[in-house]
Amino acid sequence: MKYIVVLGDGMADEPQAAMEGRTPLEAAVTPTMDELAVQSETGLLKTIPQGMSPGSDTANLAVMGYNPREYYTGRSPLEALSIGVPMKDTDVAMRCNLITLSEDEPYEQKRIIDHSSSEISTEDAAVLLGAVKEELENETYQFYVGTSYRHCVIWANGAVEPLTPPHDHLTEVAGPYLPADPVLLKMQKRSYEILSQHPINLERKKKGLNPANSCWFWGAGTKPLLTSFEEKYGIKGAMISAVDLLKGIAVGAGMQVIEVEGATGGLHTNYEGKADAAVRALLEQGADFAYIHLEGPDEMGHQGSLERKIQAIEYLDTRVIRRVKEQMDASGEPYRMLILPDHPTPLRIRTHTGDPVPYLLYDSTKKAGNGSLYNEKAAAESGIMREDGYKIMDVLLQRTAD
């Protein structure tokens, strides 16, 4: 038996007036997921433990079988693992986003325009971060290039400061959410001075793209220690994601990380390449379990784009799930596939919530289930609510009678 998770990051949402009260998942044309639902267990899953922040870090840890209350030490340390950053026990890792702030006001009065700087390329971001690094890096603060707008700072002998994610406060004035630590605040302000007139940003503005004109620190945490996935479950796992957070969880768990050319973490990513990489891992490379992570629905939720969120969900259905299903069916290898978001990213608020998410659990050896369609409403009507999200991996792997 092979095992697959297909995770549409932030895919769940709220009813939309523009869609006659349907959610993006309901409005999207998803023939593959709806076909599978009839033969699957569907229901609701609470991925975020009560009282914990509704982030992709805690949620994906839970889906992978790691109780966030036990294993979570912060988001950025997981991302640091992904890009090979050496961490001491006394280090604190922080996310360093390259974001877009408004330009005409004093720094504290600037508005947070775009947390991703128009989904800036890693190549441009590396040059910009290099300019910041050249001036601000020292023995205490070390800068590391990640992917797209997502980068990392290691603070030697640092403190886990309460730092705010920029995507939680898009269009708002930055002042109330700036770091309380005077050194971090000074570095953010200085980064704006360095970046706002950088040639790359001047060129981006000419092209109608948002400039990556400021660093923004958040997600602080200490060195993580995850139990090996293979030791925990007795199977070999592979991760397919463009996002450093997911790759970092996989590195920490001792899973194979598969890089896919053209995987961007945005709406326009290499969907087919991700699907094919997962199938190869399962059928040719000795993996028993593949985790396929798609960031597109979450990014479109943060952007507040209903049309593009629907498009991201439809791409997930036709270009990933159907492709994986067809190849696995053709192989004759029995498999179980879990399809779900990690958390909702409602268009109304453009950030995450901790509400339960709809899940679909398909077994190729069974032809009956409780499902009808795959969406939030149908999952709620199933009557199934799983409160401890981290136990879903045991259910997928058939390690529990439930």
# chains A, B, ... in the order shown; residues from 1 in each chain; ligands from 1
>>> closest_atom_pairs(of="stretch 168-262 of chain A", to="stretch 135-155 of chain A", cutoff="9 Å", atoms="only C-alpha atoms", output="JSON lines")
{"residue": "A:Met187", "atom": "CA", "partner": "A:Leu136", "partner_atom": "CA", "distance": 7.0}
{"residue": "A:Arg190", "atom": "CA", "partner": "A:Leu136", "partner_atom": "CA", "distance": 8.4}
{"residue": "A:Ser191", "atom": "CA", "partner": "A:Leu136", "partner_atom": "CA", "distance": 8.3}
{"residue": "A:Ile194", "atom": "CA", "partner": "A:Glu135", "partner_atom": "CA", "distance": 8.7}
{"residue": "A:Ala212", "atom": "CA", "partner": "A:Tyr149", "partner_atom": "CA", "distance": 8.2}
{"residue": "A:Phe217", "atom": "CA", "partner": "A:Val153", "partner_atom": "CA", "distance": 8.2}
{"residue": "A:Ala242", "atom": "CA", "partner": "A:Thr147", "partner_atom": "CA", "distance": 8.0}
{"residue": "A:Val243", "atom": "CA", "partner": "A:Thr147", "partner_atom": "CA", "distance": 7.2}
{"residue": "A:Asp244", "atom": "CA", "partner": "A:Thr147", "partner_atom": "CA", "distance": 6.9}
>>> write_last_selection(atoms="N, CA and C atoms", output="compact mmCIF listing (two decimals), in the first residue's frame")
# COMPACT_ATOMS: atom_id res chain seq x y z
N MET A 187 16.92 47.81 12.07
CA MET A 187 17.30 47.08 10.86
C MET A 187 16.19 47.13 9.82
N ARG A 190 16.29 50.62 8.28
CA ARG A 190 17.46 50.78 7.42
C ARG A 190 17.31 49.98 6.13
N SER A 191 16.65 48.82 6.22
CA SER A 191 16.45 48.02 5.01
C SER A 191 15.62 48.79 3.99
N ILE A 194 17.85 51.13 2.17
CA ILE A 194 18.73 50.42 1.24
C ILE A 194 17.96 49.97 0.00
N ALA A 212 10.14 45.37 -3.72
CA ALA A 212 10.46 44.69 -2.46
C ALA A 212 11.29 45.67 -1.64
N PHE A 217 10.57 41.23 9.82
CA PHE A 217 10.93 40.07 10.65
C PHE A 217 9.71 39.52 11.38
N ALA A 242 7.34 23.71 -2.94
CA ALA A 242 8.22 24.82 -3.29
C ALA A 242 8.51 25.71 -2.09
N VAL A 243 7.90 25.40 -0.95
CA VAL A 243 7.93 26.30 0.20
C VAL A 243 8.93 25.80 1.24
N ASP A 244 9.80 26.70 1.69
CA ASP A 244 10.86 26.31 2.62
C ASP A 244 10.31 25.72 3.91
>>> select_by_dssp(residues="stretch 202-400 of chain A", states="strand (DSSP E)", output="number ranges by chain")
A: 214-221, 237-240, 256-258, 289-294, 335-340, 357-363, 385-386
>>> select_by_dssp(residues="stretch 105-162 of chain A", states="alpha helix (DSSP H)", output="list in words")
Thr122, Glu123, Asp124, Ala125, Ala126, Val127, Leu128, Leu129, Gly130, Ala131, Val132, Lys133, Glu134, Glu135 and Leu136 of chain A
>>> closest_residue(among="A:Ile120, A:Val357, A:Val183, A:Ala93", to="A:Gly266", atoms="only C-alpha atoms")
A:Ile120
>>> closest_atom_pairs(of="stretch 201-301 of chain A", to="stretch 6-30 of chain A", cutoff="10 Å", atoms="only C-alpha atoms", output="CSV")
residue,atom,partner,partner_atom,distance
A:Ile240,CA,A:Val6,CA,9.8
A:Ser241,CA,A:Leu7,CA,9.9
A:Ala275,CA,A:Val6,CA,9.5
A:Ala290,CA,A:Val6,CA,8.5
A:Tyr291,CA,A:Val6,CA,6.2
A:Ile292,CA,A:Val6,CA,4.8
A:His293,CA,A:Leu7,CA,4.9
A:Leu294,CA,A:Gly8,CA,5.1
A:Glu295,CA,A:Asp9,CA,5.1
A:Gly296,CA,A:Asp9,CA,7.0
A:Pro297,CA,A:Met11,CA,5.2
A:Asp298,CA,A:Gly10,CA,4.2
A:Glu299,CA,A:Gly10,CA,8.0
A:Met300,CA,A:Gly10,CA,8.9
A:Gly301,CA,A:Gly10,CA,7.1
>>> residues_around(residues="A:Ser214", least_positions_apart="3", cutoff="8 Å", atoms="only C-alpha atoms", output="list in words")
Leu98, Ile99, Thr100, Leu101, Gln188, Lys189, Ser191, Tyr192, Leu195 and Ser196 of chain A
>>> residues_around(residues="A:Asp394", least_positions_apart="5", cutoff="9 Å", atoms="only C-alpha atoms", output="PyMOL selection string")
chain A and resi 65+233+399-400
>>> residues_around(residues="stretch 198-206 of chain A", least_positions_apart="6", cutoff="9 Å", atoms="only C-alpha atoms", output="list in words")
Asp124, Val127, Leu128, Ala131, Ala212 and Asn213 of chain A
>>> closest_residue(among="A:Gly51, A:Gly254, A:Pro176, A:Gly354", to="A:Lys232", atoms="only C-alpha atoms")
A:Gly254
>>> closest_residue(among="A:Met255, A:Val260, A:Cys215, A:Arg350", to="A:Glu231", atoms="only C-alpha atoms")
A:Met255
>>> atom_distance(atom1="atom CA of A:Ser305", atom2="atom CA of A:Ser117")
15.6 Å
>>> residues_around(residues="A:Arg323", least_positions_apart="6", cutoff="12 Å", atoms="only C-alpha atoms", output="list in words")
Val6, Thr32, Met33, Tyr271, Glu272, Gly273, Lys274, Ala275, Asp276, Ala277, Ala278, Val279, Tyr315, Leu316, Asp317, Asp329 and Ala330 of chain A
>>> write_last_selection(atoms="C-alpha atoms", output="PDB file, in the first residue's frame")
ATOM      1  CA  VAL A   6      -2.356  16.316  -1.444  1.00  0.00           C
ATOM      2  CA  THR A  32     -11.769  14.627  -9.747  1.00  0.00           C
ATOM      3  CA  MET A  33     -12.326  15.472  -6.091  1.00  0.00           C
ATOM      4  CA  TYR A 271       1.653  21.265 -11.206  1.00  0.00           C
ATOM      5  CA  GLU A 272       2.315  18.342 -13.510  1.00  0.00           C
ATOM      6  CA  GLY A 273       5.943  18.180 -12.412  1.00  0.00           C
ATOM      7  CA  LYS A 274       4.896  17.908  -8.771  1.00  0.00           C
ATOM      8  CA  ALA A 275       2.400  15.145  -9.529  1.00  0.00           C
ATOM      9  CA  ASP A 276       4.916  13.195 -11.594  1.00  0.00           C
ATOM     10  CA  ALA A 277       7.629  13.591  -8.958  1.00  0.00           C
ATOM     11  CA  ALA A 278       5.342  12.108  -6.310  1.00  0.00           C
ATOM     12  CA  VAL A 279       4.427   9.131  -8.479  1.00  0.00           C
ATOM     13  CA  TYR A 315      -5.534  23.435 -11.186  1.00  0.00           C
ATOM     14  CA  LEU A 316      -5.035  21.330  -8.059  1.00  0.00           C
ATOM     15  CA  ASP A 317      -7.926  19.091  -9.095  1.00  0.00           C
ATOM     16  CA  ASP A 329      -4.429   3.397 -11.078  1.00  0.00           C
ATOM     17  CA  ALA A 330      -2.446   2.395 -14.173  1.00  0.00           C
TER      18      ALA A 330
END
>>> closest_residue(among="A:Ala125, A:Leu45, A:Val257, A:Leu283", to="A:Gly332", atoms="only C-alpha atoms")
A:Leu283
>>> atom_distance(atom1="atom CA of A:Ala62", atom2="atom CA of A:Ala156")
28.9 Å
>>> closest_residue(among="A:Tyr335, A:Tyr72, A:Phe229, A:Tyr3", to="A:Lys366", atoms="only C-alpha atoms")
A:Tyr335
>>> closest_residue(among="A:Asp89, A:Asp57, A:Asp168, A:Asp363", to="A:Ser76", atoms="only C-alpha atoms")
A:Asp57
